[in-house]
$ cat target15.txt   # compact mmCIF, C-alpha atoms
# COMPACT_ATOMS: atom_id res chain seq x y z
CA MET X 1385 126.88 94.68 189.38
CA PHE X 1386 128.13 98.27 189.67
CA VAL X 1387 125.68 100.71 188.11
CA LEU X 1388 126.46 104.38 187.71
CA VAL X 1389 123.28 106.45 187.46
CA VAL X 1390 123.66 110.03 186.20
CA GLY X 1391 120.84 112.44 186.92
CA GLY X 1392 119.06 112.68 190.26
CA GLY X 1393 115.58 113.62 189.11
CA LYS X 1394 112.62 111.38 189.81
CA VAL X 1395 113.80 108.71 187.36
CA GLY X 1396 117.37 108.59 188.67
CA TYR X 1397 116.25 108.63 192.27
CA TYR X 1398 113.81 105.72 191.98
CA LEU X 1399 116.19 103.82 189.73
CA ALA X 1400 118.99 104.07 192.30
CA LYS X 1401 116.64 103.06 195.08
CA GLU X 1402 115.35 100.00 193.24
CA LEU X 1403 118.85 98.92 192.25
CA ILE X 1404 120.08 99.15 195.83
CA GLU X 1405 117.11 97.10 197.00
CA SER X 1406 118.01 94.41 194.44
CA GLY X 1407 121.50 94.28 195.93
CA HIS X 1408 123.50 96.14 193.28
CA GLU X 1409 126.30 98.55 193.92
CA VAL X 1410 125.12 102.00 192.88
CA ALA X 1411 126.58 105.47 192.54
CA LEU X 1412 124.30 108.39 191.68
CA MET X 1413 125.60 111.64 190.22
CA GLU X 1414 123.55 114.82 190.55
CA LYS X 1415 125.03 118.24 189.80
CA ASP X 1416 122.53 120.25 191.84
CA SER X 1417 124.03 120.05 195.31
CA ALA X 1418 120.79 120.77 197.17
CA ARG X 1419 119.05 117.94 195.35
CA ALA X 1420 122.09 115.68 195.82
CA HIS X 1421 122.10 116.24 199.56
CA GLN X 1422 118.39 115.65 199.78
CA ILE X 1423 118.81 112.25 198.10
CA ALA X 1424 121.90 111.43 200.15
CA ASP X 1425 119.96 112.06 203.37
CA GLU X 1426 117.50 109.45 202.28
CA ILE X 1427 119.47 106.72 200.57
CA GLY X 1428 122.96 107.22 201.91
CA SER X 1429 126.42 108.24 200.82
CA ILE X 1430 126.26 106.85 197.29
CA VAL X 1431 125.44 110.30 195.92
CA ILE X 1432 128.11 112.35 194.18
CA ALA X 1433 127.20 116.03 194.01
CA HIS X 1434 128.93 116.72 190.72
CA ASP X 1435 128.17 117.07 187.03
CA GLY X 1436 128.25 113.61 185.44
CA CYS X 1437 129.09 115.14 182.07
CA GLU X 1438 132.48 116.25 183.27
CA GLY X 1439 135.25 113.72 182.64
CA LYS X 1440 137.04 114.42 185.90
CA TYR X 1441 133.99 113.66 188.03
CA LEU X 1442 133.03 110.60 186.01
CA ALA X 1443 136.50 109.26 186.78
CA GLU X 1444 136.09 110.06 190.47
CA ALA X 1445 132.74 108.29 190.52
CA GLY X 1446 134.47 105.09 189.34
CA CYS X 1447 133.08 105.17 185.83
CA ASN X 1448 135.98 103.03 184.57
CA ARG X 1449 134.80 100.04 186.61
CA ALA X 1450 131.04 100.49 186.01
CA ASP X 1451 129.21 97.58 184.40
CA VAL X 1452 126.35 99.83 183.34
CA VAL X 1453 126.00 103.58 183.02
CA ALA X 1454 122.43 104.90 182.93
CA ALA X 1455 122.11 108.53 181.79
CA VAL X 1456 118.67 109.67 182.88
CA THR X 1457 118.88 113.47 183.09
CA GLY X 1458 116.18 115.61 181.51
CA ASP X 1459 118.50 116.84 178.76
CA ASP X 1460 119.14 114.69 175.71
CA GLU X 1461 122.50 116.27 174.89
CA ASP X 1462 123.75 115.56 178.40
CA ASN X 1463 122.57 111.95 178.23
CA LEU X 1464 124.32 111.50 174.88
CA VAL X 1465 127.61 112.89 176.16
CA ILE X 1466 127.48 110.85 179.38
CA CYS X 1467 126.98 107.63 177.39
CA GLN X 1468 129.66 108.44 174.80
CA MET X 1469 132.19 109.38 177.49
CA ALA X 1470 131.34 106.22 179.43
CA LYS X 1471 131.65 104.02 176.36
CA HIS X 1472 134.68 105.46 174.62
CA HIS X 1473 136.66 107.08 177.40
CA PHE X 1474 135.95 104.70 180.28
CA ASP X 1475 135.24 101.47 178.36
CA VAL X 1476 131.89 100.86 180.03
CA PRO X 1477 130.34 97.73 178.45
CA ARG X 1478 126.72 98.89 178.55
CA THR X 1479 125.25 102.37 178.30
CA ILE X 1480 121.60 103.36 178.59
CA ALA X 1481 120.22 106.78 177.71
CA ARG X 1482 116.88 108.41 178.38
CA VAL X 1483 115.81 110.20 175.19
CA ASN X 1484 113.19 112.90 175.49
CA ASN X 1485 112.96 113.99 171.87
CA PRO X 1486 112.04 110.86 169.87
CA LYS X 1487 113.78 112.35 166.84
CA ASN X 1488 117.11 111.94 168.61
CA GLU X 1489 116.81 108.16 168.81
CA ALA X 1490 118.38 107.38 165.46
CA LEU X 1491 121.33 109.72 166.06
CA PHE X 1492 122.01 108.30 169.52
CA ARG X 1493 121.88 104.76 168.21
CA HIS X 1494 124.18 105.70 165.34
CA LEU X 1495 126.64 107.24 167.78
CA GLY X 1496 126.88 104.03 169.77
CA VAL X 1497 124.55 104.33 172.76
CA ASP X 1498 123.60 100.72 173.55
CA GLU X 1499 120.06 101.20 174.75
CA LEU X 1500 117.54 104.01 174.44
CA ILE X 1501 114.48 104.59 176.53
CA SER X 1502 112.09 107.18 175.19
CA PRO X 1503 109.23 107.98 177.57
CA THR X 1504 107.76 110.35 174.98
CA ARG X 1505 107.56 107.61 172.35
CA MET X 1506 106.19 105.06 174.80
CA ILE X 1507 103.35 107.35 175.84
CA LEU X 1508 102.75 108.33 172.23
CA GLY X 1509 102.58 104.65 171.25
CA SER X 1510 100.15 103.99 174.02
CA ILE X 1511 97.89 106.83 172.93
CA GLU X 1512 98.01 105.83 169.29
CA GLN X 1513 96.94 102.28 170.16
CA ASP X 1514 93.65 103.68 171.40
CA ILE X 1515 92.85 105.73 168.34
CA PRO X 1516 90.96 103.84 165.64
CA VAL X 1517 92.60 105.20 162.51
CA HIS X 1518 93.01 103.86 159.04
CA GLU X 1519 96.70 103.50 159.57
CA LEU X 1520 99.26 100.89 160.34
CA LEU X 1521 99.69 100.57 164.07
CA HIS X 1522 103.24 100.29 165.33
CA LEU X 1523 103.36 97.72 168.08
CA ALA X 1524 107.08 97.45 168.77
CA ALA X 1525 110.53 97.96 167.35
CA LEU X 1526 112.73 94.90 167.11
CA GLY X 1527 116.44 94.33 166.85
CA GLU X 1528 118.36 97.55 166.52
CA GLY X 1529 115.17 99.31 165.49
CA GLU X 1530 115.34 98.40 161.80
CA LEU X 1531 112.40 96.00 162.11
CA GLU X 1532 108.94 96.86 163.29
CA LEU X 1533 105.99 94.84 164.43
CA ILE X 1534 102.90 96.28 162.78
CA GLU X 1535 99.17 95.75 163.02
CA ALA X 1536 96.82 96.54 160.15
CA HIS X 1537 93.11 96.70 160.90
CA LEU X 1538 91.26 95.78 157.70
CA GLN X 1539 88.29 98.04 157.24
CA ALA X 1540 85.84 98.53 154.36
CA GLY X 1541 87.81 99.67 151.36
CA SER X 1542 90.91 97.67 152.14
CA PRO X 1543 92.22 96.01 148.98
CA ALA X 1544 93.17 92.95 151.06
CA ILE X 1545 89.58 91.99 151.90
CA GLY X 1546 88.52 88.80 150.11
CA ARG X 1547 92.11 88.01 149.16
CA ALA X 1548 94.85 85.85 150.63
CA PRO X 1549 98.46 86.89 151.32
CA ARG X 1550 99.70 85.02 148.22
CA ASP X 1551 97.49 87.30 146.08
CA LEU X 1552 99.08 90.44 147.47
CA SER X 1553 102.46 91.87 146.57
CA ILE X 1554 104.07 91.87 149.94
CA PRO X 1555 107.31 93.88 149.94
CA GLU X 1556 110.50 91.92 150.32
CA GLY X 1557 111.83 91.65 153.85
CA CYS X 1558 108.30 91.75 155.18
CA SER X 1559 106.16 88.97 156.57
CA LEU X 1560 102.44 88.76 157.39
CA PHE X 1561 102.28 86.05 159.99
CA ALA X 1562 99.17 86.25 162.10
CA VAL X 1563 95.58 87.38 162.03
CA ILE X 1564 93.32 88.33 164.90
CA ARG X 1565 89.69 87.60 164.05
CA ASP X 1566 86.93 88.09 166.62
CA GLY X 1567 89.58 88.38 169.31
CA VAL X 1568 91.17 85.03 168.42
CA ALA X 1569 94.72 84.92 167.10
CA ALA X 1570 95.53 82.46 164.31
CA PRO X 1571 98.47 81.98 161.96
CA LEU X 1572 98.03 83.76 158.65
CA ARG X 1573 98.79 81.23 155.88
CA PRO X 1574 99.45 82.12 152.25
CA ASP X 1575 95.92 80.94 151.41
CA THR X 1576 94.01 82.42 154.36
CA VAL X 1577 91.33 84.71 152.93
CA MET X 1578 91.16 87.94 154.88
CA ILE X 1579 87.84 89.51 155.81
CA GLU X 1580 86.70 92.90 157.01
CA GLY X 1581 87.55 93.48 160.66
CA ASP X 1582 90.66 91.28 160.62
CA LYS X 1583 93.72 92.56 162.35
CA VAL X 1584 96.76 91.45 160.39
CA ILE X 1585 100.04 91.30 162.25
CA ALA X 1586 103.15 91.87 160.19
CA ILE X 1587 106.84 92.21 160.75
CA GLY X 1588 109.01 94.17 158.38
CA LYS X 1589 111.64 96.73 157.71
CA THR X 1590 110.63 100.28 158.53
CA ASP X 1591 111.07 101.30 154.90
CA CYS X 1592 108.45 98.82 153.57
CA GLN X 1593 105.69 100.56 155.40
CA ALA X 1594 104.43 102.61 152.51
CA LEU X 1595 103.96 99.45 150.40
CA LEU X 1596 102.35 97.55 153.26
CA HIS X 1597 99.99 100.44 153.77
CA GLU X 1598 99.01 100.35 150.12
CA GLN X 1599 98.37 96.59 150.22
CA LEU X 1600 96.53 96.36 153.50
CA ILE X 1601 94.91 99.72 154.15
CA GLY X 1602 94.61 101.07 150.63
CA GLU X 1603 93.73 104.61 149.62
CA THR X 1604 96.44 107.19 149.89
CA VAL X 1605 99.90 106.24 150.94
CA PRO X 1606 100.96 108.33 153.92
CA ALA X 1607 103.58 110.88 152.99
CA GLU X 1608 106.97 109.62 154.05
CA ALA X 1609 109.24 112.54 154.74
CA MET K 724 132.38 128.74 151.68
CA LYS K 725 129.09 127.96 153.38
CA ILE K 726 129.68 128.44 157.10
CA VAL K 727 127.10 127.49 159.72
CA ILE K 728 127.53 128.84 163.26
CA VAL K 729 125.48 127.58 166.19
CA GLY K 730 125.50 130.03 169.11
CA CYS K 731 125.60 133.76 168.59
CA GLY K 732 127.57 134.72 171.68
CA ARG K 733 130.70 136.87 171.59
CA VAL K 734 132.72 134.27 169.71
CA GLY K 735 129.91 133.20 167.41
CA ALA K 736 128.88 136.75 166.53
CA SER K 737 132.49 137.88 165.92
CA ALA K 738 133.19 134.90 163.69
CA ALA K 739 129.89 135.36 161.82
CA ASP K 740 130.63 139.02 161.15
CA LEU K 741 134.21 138.34 160.06
CA TYR K 742 133.32 135.53 157.65
CA ASP K 743 130.42 137.56 156.27
CA ARG K 744 132.71 140.51 155.57
CA ASN K 745 135.14 138.13 153.88
CA GLY K 746 132.42 137.15 151.43
CA HIS K 747 131.40 133.75 152.79
CA GLU K 748 127.81 132.48 153.00
CA VAL K 749 127.09 132.62 156.74
CA ILE K 750 124.14 131.08 158.60
CA VAL K 751 124.04 131.73 162.34
CA LEU K 752 121.60 130.09 164.77
CA ASP K 753 120.77 130.90 168.36
CA SER K 754 117.90 129.90 170.63
CA SER K 755 117.43 133.57 171.56
CA THR K 756 116.79 136.39 169.12
CA VAL K 757 118.32 138.83 171.63
CA ALA K 758 121.70 137.23 170.87
CA PHE K 759 121.49 138.54 167.30
CA GLU K 760 121.85 142.08 168.64
CA ARG K 761 125.56 141.26 168.85
CA LEU K 762 125.67 141.17 165.04
CA PRO K 763 126.45 144.51 163.37
CA SER K 764 123.73 146.13 161.29
CA THR K 765 125.89 145.50 158.22
CA PHE K 766 125.68 141.71 158.68
CA GLY K 767 124.52 140.24 155.38
CA GLY K 768 124.21 136.57 156.36
CA THR K 769 121.23 134.64 157.68
CA ALA K 770 120.32 134.71 161.38
CA ILE K 771 117.80 132.09 162.51
CA ARG K 772 116.28 131.52 165.91
CA GLY K 773 116.23 127.84 166.77
CA ASP K 774 117.80 124.95 168.64
CA GLY K 775 121.02 123.91 166.93
CA THR K 776 120.74 120.37 168.30
CA ASP K 777 117.48 119.83 166.43
CA GLU K 778 117.98 118.19 163.06
CA ASP K 779 114.82 119.70 161.54
CA VAL K 780 115.80 123.19 162.62
CA LEU K 781 119.25 122.79 161.09
CA ARG K 782 117.82 121.48 157.84
CA ARG K 783 115.30 124.29 157.61
CA ALA K 784 118.12 126.73 158.24
CA GLY K 785 119.95 125.27 155.24
CA ALA K 786 122.79 123.72 157.24
CA GLU K 787 123.04 120.65 155.01
CA GLY K 788 126.31 120.24 153.19
CA ALA K 789 128.06 123.09 154.98
CA ASP K 790 131.77 123.51 154.27
CA VAL K 791 132.34 124.55 157.86
CA PHE K 792 130.12 123.97 160.90
CA LEU K 793 131.03 125.73 164.14
CA SER K 794 129.29 124.81 167.35
CA LEU K 795 129.90 127.66 169.80
CA THR K 796 127.10 127.79 172.38
CA GLU K 797 127.72 128.05 176.11
CA GLY K 798 126.94 124.38 176.64
CA ASP K 799 129.69 121.84 175.96
CA ASN K 800 127.18 119.06 175.46
CA ARG K 801 124.93 121.04 173.16
CA ASN K 802 128.01 121.79 171.08
CA VAL K 803 128.97 118.12 171.01
CA MET K 804 125.52 117.04 169.91
CA ALA K 805 125.11 119.73 167.25
CA ALA K 806 128.58 118.97 165.87
CA GLN K 807 127.97 115.23 165.67
CA LEU K 808 124.61 115.84 164.01
CA ALA K 809 126.34 118.06 161.45
CA ALA K 810 129.15 115.59 160.78
CA GLU K 811 127.15 112.36 160.76
CA VAL K 812 123.73 113.36 159.41
CA LEU K 813 124.01 116.69 157.61
CA GLY K 814 127.24 116.04 155.72
CA ALA K 815 129.22 119.01 156.98
CA ARG K 816 132.80 118.86 155.73
CA ARG K 817 134.68 120.43 158.64
CA VAL K 818 133.16 120.58 162.08
CA ILE K 819 134.48 122.28 165.19
CA ALA K 820 132.85 122.06 168.62
CA LYS K 821 133.77 124.36 171.49
CA ILE K 822 134.29 122.11 174.52
CA ASN K 823 135.69 123.81 177.59
CA ASP K 824 136.17 120.64 179.63
CA PRO K 825 139.67 119.42 178.66
CA VAL K 826 138.76 115.75 179.22
CA ARG K 827 135.72 115.92 176.95
CA SER K 828 137.65 118.03 174.48
CA THR K 829 140.31 115.34 174.08
CA ALA K 830 137.76 112.52 174.08
CA TYR K 831 135.68 114.01 171.25
CA ALA K 832 138.70 114.75 169.08
CA GLU K 833 139.34 111.00 169.32
CA LEU K 834 135.70 110.42 168.35
CA GLY K 835 136.05 112.36 165.12
CA ILE K 836 135.22 116.04 165.62
CA ALA K 837 137.65 118.91 165.90
CA THR K 838 137.40 120.52 169.32
CA VAL K 839 138.45 123.86 170.69
CA CYS K 840 138.99 124.21 174.43
CA ARG K 841 139.01 127.67 175.96
CA THR K 842 140.66 126.33 179.14
CA GLY K 843 143.82 125.23 177.32
CA LEU K 844 143.92 128.20 174.95
CA ILE K 845 143.76 130.78 177.74
CA VAL K 846 146.24 129.04 180.03
CA ASP K 847 148.73 128.63 177.21
CA ALA K 848 148.31 132.23 176.04
CA MET K 849 149.04 133.39 179.57
CA ASN K 850 151.97 131.00 179.94
CA ALA K 851 153.48 132.30 176.71
CA TYR K 852 153.20 135.87 177.96
CA ILE K 853 154.62 135.09 181.41
CA GLY K 854 157.36 132.93 179.92
CA LEU K 855 156.23 129.59 181.32
CA PRO K 856 156.19 126.34 179.32
CA PRO K 857 152.96 125.19 177.57
CA SER K 858 150.42 123.55 179.87
CA GLY K 859 149.80 120.41 177.87
CA LEU K 860 146.07 121.13 178.03
CA PRO K 861 144.18 120.79 174.75
CA GLY K 862 143.68 123.95 172.69
CA LEU K 863 142.42 123.27 169.21
CA LEU K 864 142.50 119.54 168.52
CA PRO K 865 141.94 118.15 165.02
CA PRO K 866 139.91 114.94 164.83
CA SER K 867 142.11 111.90 165.38
CA GLY K 868 139.59 109.05 165.10
CA HIS K 869 135.98 108.21 164.41
CA HIS K 870 133.17 107.15 166.70
CA ASP K 871 132.99 103.79 164.90
CA THR K 872 136.67 103.03 165.24
CA ALA K 873 136.97 104.01 168.90
CA ALA K 874 136.73 101.48 171.75
CA HIS K 875 134.58 98.51 170.82
CA HIS K 876 132.86 96.01 173.00
CA ASP K 877 130.90 92.84 172.57
CA HIS K 878 127.28 93.70 172.23
CA ASP K 879 124.63 91.42 173.54
CA PRO K 880 122.03 91.42 170.76
CA SER K 881 119.23 90.88 173.25
CA ALA K 882 120.33 94.07 174.94
CA ALA K 883 118.36 96.06 172.41
CA SER K 884 115.21 96.46 174.40
CA ALA K 885 111.97 95.61 172.65
CA ALA K 886 110.35 98.38 174.64
CA THR K 887 112.59 100.88 172.94
CA ALA K 888 110.58 101.96 169.95
CA SER K 889 112.42 103.55 167.10
CA ALA K 890 111.62 105.60 164.07
CA PRO K 891 113.40 106.95 161.04
CA LEU K 892 115.25 110.18 161.69
CA SER K 893 112.55 112.19 160.01
CA THR K 894 109.36 110.95 161.67
CA PRO K 895 107.25 114.06 162.30
CA VAL K 896 106.43 113.46 165.94
CA ALA K 897 107.42 116.45 168.00
CA THR K 898 109.43 119.51 167.24
CA ARG K 899 111.55 120.99 169.94
CA GLU K 900 112.41 124.58 169.30
CA ALA K 901 113.50 127.04 171.88
$ encode --input "target15.txt" --output "structure tokens"
Amino acid sequence: MFVLVVGGGKVGYYLAKELIESGHEVALMEKDSARAHQIADEIGSIVIAHDGCEGKYLAEAGCNRADVVAAVTGDDEDNLVICQMAKHHFDVPRTIARVNNPKNEALFRHLGVDELISPTRMILGSIEQDIPVHELLHLAALGEGELELIEAHLQAGSPAIGRAPRDLSIPEGCSLFAVIRDGVAAPLRPDTVMIEGDKVIAIGKTDCQALLHEQLIGETVPAEA
Amino acid sequence: MKIVIVGCGRVGASAADLYDRNGHEVIVLDSSTVAFERLPSTFGGTAIRGDGTDEDVLRRAGAEGADVFLSLTEGDNRNVMAAQLAAEVLGARRVIAKINDPVRSTAYAELGIATVCRTGLIVDAMNAYIGLPPSGLPGLLPPSGHHDTAAHHDHDPSAASAATASAPLSTPVATREA
């Protein structure tokens, strides 16, 4: 596979190195010529010391025959433009962008970037998993990001305690499918009575979260902006 | 008309002043307050410090539903991103992005935003003066397509990585302002 990596920071550098080791054809674009030469000294002549946002240099780097373009610079707007140029101008089948500001994810997806990697959100998710809060815990995004895997930890005061899923009004497009009790996972059936301390695993559309929160956590519904 | 201008450089400041004097509602943004010194003391519009590629900043500035949105910073890519945000999310009616790279300028006109390319404008102005034929480089290009209708490919549904978490556009996670 021919992979064009744009951005020669730490991410781009290690990415190119790993890809070469796995036997792929790689070209790395880095606009800072000092940095480009430094990388070239180490991993060879695959480095192009030019701005990967500029159409002319993308063409010279062979963008039109790339199977994958990975835009991993530190600037979101550059990564967006690299992916859009690759996709629409050079017909690259698969584009991947690093997104630093999590708020840009929806826009990038809307504008046709195939895959987004957000280090900020990943770290944030990891931190949030360790904080015991009376909130729904977001475990993962599925599909194009319209579905989310959610965990609800039932604590005293939850309206779901002592009731079964069939007694709750679960929003449409949402499914409660498993329960973790004393560290053991079990399927959550319509008649399974939930108890305090249960962790209920649900899958649903991002816009049902307020209702799910009301049913499983109770109290105030978090303000949805 | 409500006119939003991102980037208060020479072009942005001149346009802001002109439209303001012509009685339009002008909102101008720049990441540096020093840039606003280019505006005359008579300027009656709104000048806001903030990143024009940040949706929250644009909303707070009142950029929603602008009749005209001009993206005129020094960075081609910042202009592209701000313009697409304005057109796709904020409902701006007419959007122009300054893109000095002729290749990107042409490509983004095909993707649905009007682009203005200094490279082509200057070369053609000089050619006209010298008496040479037009360069063929883009100057101001109206939008000729849409990002949805441009090149399409087969998407592998599994390609959407499960590790890629997503959130609605408005999740209050981090604000980037500079």
$ closest_atom_pairs --input "target15.txt" --of "chain X" --to "chain K" --cutoff "7 Å" --atoms "only C-alpha atoms" --output "CSV"
residue,atom,partner,partner_atom,distance
X:Glu1438,CA,K:Asp824,CA,6.8
X:Gly1439,CA,K:Val826,CA,5.3
X:Glu1461,CA,K:Asn800,CA,5.5
X:Asp1462,CA,K:Asn800,CA,5.7
X:Val1465,CA,K:Asn800,CA,6.2
X:His1472,CA,K:Ala874,CA,5.3
X:His1473,CA,K:Ala830,CA,6.5
X:Asp1475,CA,K:Ala874,CA,6.8
X:Pro1477,CA,K:His876,CA,6.2
X:Lys1487,CA,K:Leu892,CA,5.8
X:Glu1489,CA,K:Ser889,CA,6.6
X:Ala1490,CA,K:Leu892,CA,5.6
X:Leu1495,CA,K:His870,CA,6.6
X:Glu1499,CA,K:Ala883,CA,5.9
X:Leu1500,CA,K:Thr887,CA,6.0
X:Ile1501,CA,K:Thr887,CA,5.5
X:Ser1502,CA,K:Thr887,CA,6.7
X:Arg1505,CA,K:Ala888,CA,6.8
X:Ala1524,CA,K:Ala888,CA,5.8
X:Ala1525,CA,K:Ala888,CA,4.8
X:Leu1526,CA,K:Ala885,CA,5.6
X:Gly1527,CA,K:Ala883,CA,6.1
X:Glu1528,CA,K:Ala883,CA,6.1
X:Gly1529,CA,K:Ser889,CA,5.3
X:Ala1609,CA,K:Ser893,CA,6.2
$ atom_distance --input "target15.txt" --atom1 "CA of Glu1519 (chain X)" --atom2 "CA of Lys1583 (chain X)"
11.7 Å
$ residues_near_point --input "target15.txt" --point "(87.1, 99.3, 153.1)" --cutoff "10 Å" --atoms "only C-alpha atoms" --output "list in words"
His1518, Leu1538, Gln1539, Ala1540, Gly1541, Ser1542, Pro1543, Ala1544, Ile1545, Glu1580, Gly1581, Leu1600, Ile1601, Gly1602 and Glu1603 of chain X
$ residues_around --input "target15.txt" --residues "Tyr1398 (chain X)" --least-positions-apart "5" --cutoff "12 Å" --atoms "only C-alpha atoms" --output "PyMOL selection string"
chain X and resi 1389+1391-1393+1403-1405+1410+1412+1423+1426-1427+1456
$ atom_distance --input "target15.txt" --atom1 "CA of Ala1562 (chain X)" --atom2 "CA of Ala1594 (chain X)"
19.7 Å
$ atom_distance --input "target15.txt" --atom1 "CA of Ala815 (chain K)" --atom2 "CA of Asp790 (chain K)"
5.8 Å
$ residues_around --input "target15.txt" --residues "Met1413 (chain X)" --least-positions-apart "3" --cutoff "7 Å" --atoms "only C-alpha atoms" --output "PyMOL selection string"
chain X and resi 1389-1392+1431-1436
$ residues_near_point --input "target15.txt" --point "(116.7, 127.9, 170.9)" --cutoff "12 Å" --atoms "only C-alpha atoms" --output "MDAnalysis selection string"
chainID K and resid 729:731 751:758 771:777 780:781 796 801 898:901
$ closest_residue --input "target15.txt" --among "K:Ile819, K:Leu795, K:Tyr852, K:Gly788" --to "Val734 (chain K)" --atoms "only C-alpha atoms"
K:Leu795
$ residues_around --input "target15.txt" --residues "Ala789 (chain K)" --least-positions-apart "4" --cutoff "9 Å" --atoms "all atoms listed in the file" --output "VMD selection string"
chain K and resid 724 to 727 785 809 813 to 817
